[in-house]
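J.: After the structure tokens below, expect a handful of questions from me.
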Amino acid sequence: MEMDITLTVNGERIAERVEARQSLVDFVRDDLGLTGSHIGCEHGVCGACTMRVDGEIVRGCLMLAVQCDGSVVETIEGLSDSGELADLQAAFEQRNALQCGYCTPGMLTAAQELLKAGTVPSREEIREHISGNYCRCTGYHAIVDAIESVAKARMGAGT
Amino acid sequence: MKPAPFAYKKPRTLDEAIALLGENPDARILAGGQSLMATLNMRLSAPSLLIDINGIEGLGEIALKDGAQNGVIEIGALARHVQAERSETIATHAPLIACAMPTIAHPAIRTRGTLGGSIAFADPAAELPACLLALDGEVDAQGPKGKRTIKAGDYFQGLYETALGPQEILTAIRLPAANKDTRVGFAELARRHGDYAIVGLAASARADGKGLKDVRLAYFGVGATPLRPLKSEAALSRGDIDAAVAALDLDPHDDIQATAAVKKHLAGVLLRRVAAQLMEQRA
């Protein structure tokens with residue numbers, strides 16, 4: 001079964017015909033060529049496909065493309081191009097918070113969600129927040145360092 | 001993996017959704033989809049039709065309503081975890097739900113997942129079914145024969161099996177609102193924060209002088225449904241934590257996460273933690 005959907009992806013209005021069973025992450029990767037959102041487990045455990053729908057982070061593998069008819073979708077490409085994540089991306093690079101990079105788009109998107117709260121979370125809170133994003137390289141320590149440093153820098157800049 | 005092909009319909013009314021269920025006996029209801037999509041992706045389930053109820057108005061409210069004695073918290077079937085997490089009504093009047101919420105999966109899943117969906121799916125290791133049972137809540141369902149209300153104690157019938165009929169849709173869950181005598185406790189052990197619990201325990205009670213009464217304990221992850229250890233509840237009402245632990249009569253099976261012996265041991269550990277929470281809160 002195929003259906004027509006209209007949605008906004010990274011600020012661009014898109015009209016496409018999709019199969020009902022197509023997941024959101026397959027749609028953005030295969031139909032739109034936005035391959036920054038990664039596919040890991042395809043059952044909601046690994047977090048590699050984390051993206052934003054209508055301003056909130058979701059699992060791209062646990063939502064259907066047809067469910068996004070009328071929605072605003074933001075992928076790592078959009079979040080990166082807008083500069084919203086620039087300091088976080090720089091901190092990940094400086095602190096070696098990535099090695100293979102497979103988890104990184106999802107990790108950045110999830111981390112930004114926490115930082116949007118506008119407070120400096122404890123390291124424990126950071127770990128809890130990113131508990132839904134698997135990283136098999138870093139052991140997480142450097143990721144927590146990077147997120148914590150950006151949280152402090154953003155708060156410092158705001159005062 | 002990718003799901004097997006299915007058709008997709010998004011009805012605008014409950015009656016339409018109920019009719020679709022009648023015409024398509026193997027259809028599945030899509031609410032938050034955070035369990036359903038995973039089972040479809042793994043091809044554990046291959047329905048011919050998904051009935052997306054997200055377009056039905058009026059199912060997403062969380063509200064404090066008048067009840068027979070005290071207030072009642074009514075949570076519409078489409079209220080999402082994130083909504084409950086941010087709700088003042090839940091924080092004030094349903095503290096057990098507020099305690100459980102951060103342990104349910106991860107933020108990106110709580111964005112979509114619904115409380116009604118969790119209760120309808122009835123995963124034996126999930127938090128909310130146990131909370132519903134511990135709070136002696138109710139489930140509202142609507143089907144071709146109209147509406148009915150099912151008590152939590154009658155609702156969970158077996159592994160992923162509930163009292164909902166094949167053509168019934170869960171429309172709301174209702175919980176007694178907390179008052180100054182309400183005591184709640186919640187604890188779970190999981191390998192990773194947000195994963196399904198190895199063992200978990202949700203509890204409610206009422207303060208009774210220096211003690212507790214009406215203790216209700218609901219374990220999850222140790223059987224086919226959330227389970228109440230009645231003898232332990234009675235012991236805890238007498239204030240005897242050691243006796244409550246000794247009286248635990250759970251009979252868990254080995255699973256991928258832990259052996260039955262480990263689960264039984266952990267159930268006792270959690271009971272002590274939750275008993276301390278129930279008693280600690282006394283003014």
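Scheme for the structure tokens: letters A, B, ... for chains in order shown; per-chain residue numbers from 1; ligand numbers from 1 in order shown.
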Skip Ser37 (chain A) itself and residues of its chain fewer than 3 positions away, then list as a CSV table (one decimal) with N, CA and C atoms, in the first residue's frame all residues within 8 Å of it, counting only C-alpha atoms.
T.:
```csv
chain,number,residue,atom,x,y,z
A,25,VAL,N,13.2,6.6,9.1
A,25,VAL,CA,14.6,6.7,8.9
A,25,VAL,C,15.0,6.1,7.5
A,28,VAL,N,14.0,9.0,5.0
A,28,VAL,CA,15.0,10.1,4.9
A,28,VAL,C,16.3,9.7,4.2
A,29,ARG,N,16.7,8.4,4.5
A,29,ARG,CA,17.9,7.9,3.9
A,29,ARG,C,17.8,7.5,2.4
A,34,LEU,N,19.3,11.6,2.7
A,34,LEU,CA,19.9,12.2,3.9
A,34,LEU,C,20.4,11.0,4.8
A,48,ALA,N,20.8,5.1,17.1
A,48,ALA,CA,21.5,5.7,15.9
A,48,ALA,C,20.7,6.5,15.0
A,49,CYS,N,19.3,6.2,15.0
A,49,CYS,CA,18.4,6.9,14.1
A,49,CYS,C,17.7,8.1,14.7
A,50,THR,N,18.2,8.5,15.9
A,50,THR,CA,17.5,9.6,16.6
A,50,THR,C,17.4,10.9,15.7
A,51,MET,N,16.2,11.4,15.6
A,51,MET,CA,16.0,12.7,14.8
A,51,MET,C,14.9,13.4,15.5
A,75,THR,N,16.7,16.4,10.6
A,75,THR,CA,17.7,15.4,10.7
A,75,THR,C,19.1,16.0,11.1
A,76,ILE,N,20.1,15.2,11.3
A,76,ILE,CA,21.4,15.8,11.7
A,76,ILE,C,21.9,16.8,10.6
A,105,PRO,N,25.7,11.0,15.0
A,105,PRO,CA,24.5,11.9,14.7
A,105,PRO,C,23.4,11.7,15.7
A,106,GLY,N,23.1,10.5,16.1
A,106,GLY,CA,22.1,10.3,17.1
A,106,GLY,C,22.5,10.8,18.5
```
J.: Near chain A, meaning an atom within 8 Å, which residues of chain B appear when counting only C-alpha atoms? Write them as a list in words.
T.: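 So the contacting residues turn out to be Met1, Lys2, Pro3, Ala4, Pro5, Phe6, Ala7, Tyr8, Gly33, Gln34, Met37, Ala38, Thr39, Asn41, Met42, Ala105, His106, Pro107, Ala108, Ile109, Thr111, Arg112, Arg192, His193 and Gly194 of chain B.
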J.: For region 145-147 of chain B, work out the shell of residues within 10 Å, counting only C-alpha atoms and skipping chain neighbours fewer than 5 positions away, then give it as a count of residues only.
T.: 7
J.: What are the DSSP strand (DSSP E) residues of chain A, as a ChimeraX atom specification?
T.: /A:2-9,12-19,50-53,56-59,72-74
J.: Kindly indicate which residue among B:Asp214, B:Asp255, B:Asp154, B:Asp52 lies nearest to Thr182 (chain B), using only C-alpha atoms for the distances.
T.: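 Closest to Thr182 (chain B) of all the choices is B:Asp214.
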J.: Among region 27-247 of chain B, which residues carry a DSSP assignment of helix (DSSP H, G or I), reported as a PyMOL selection string?
T.: chain B and resi 36-41+53-55+81-86+88-93+95-103+107-110+115-121+127-134+152-155+230-237+241-246
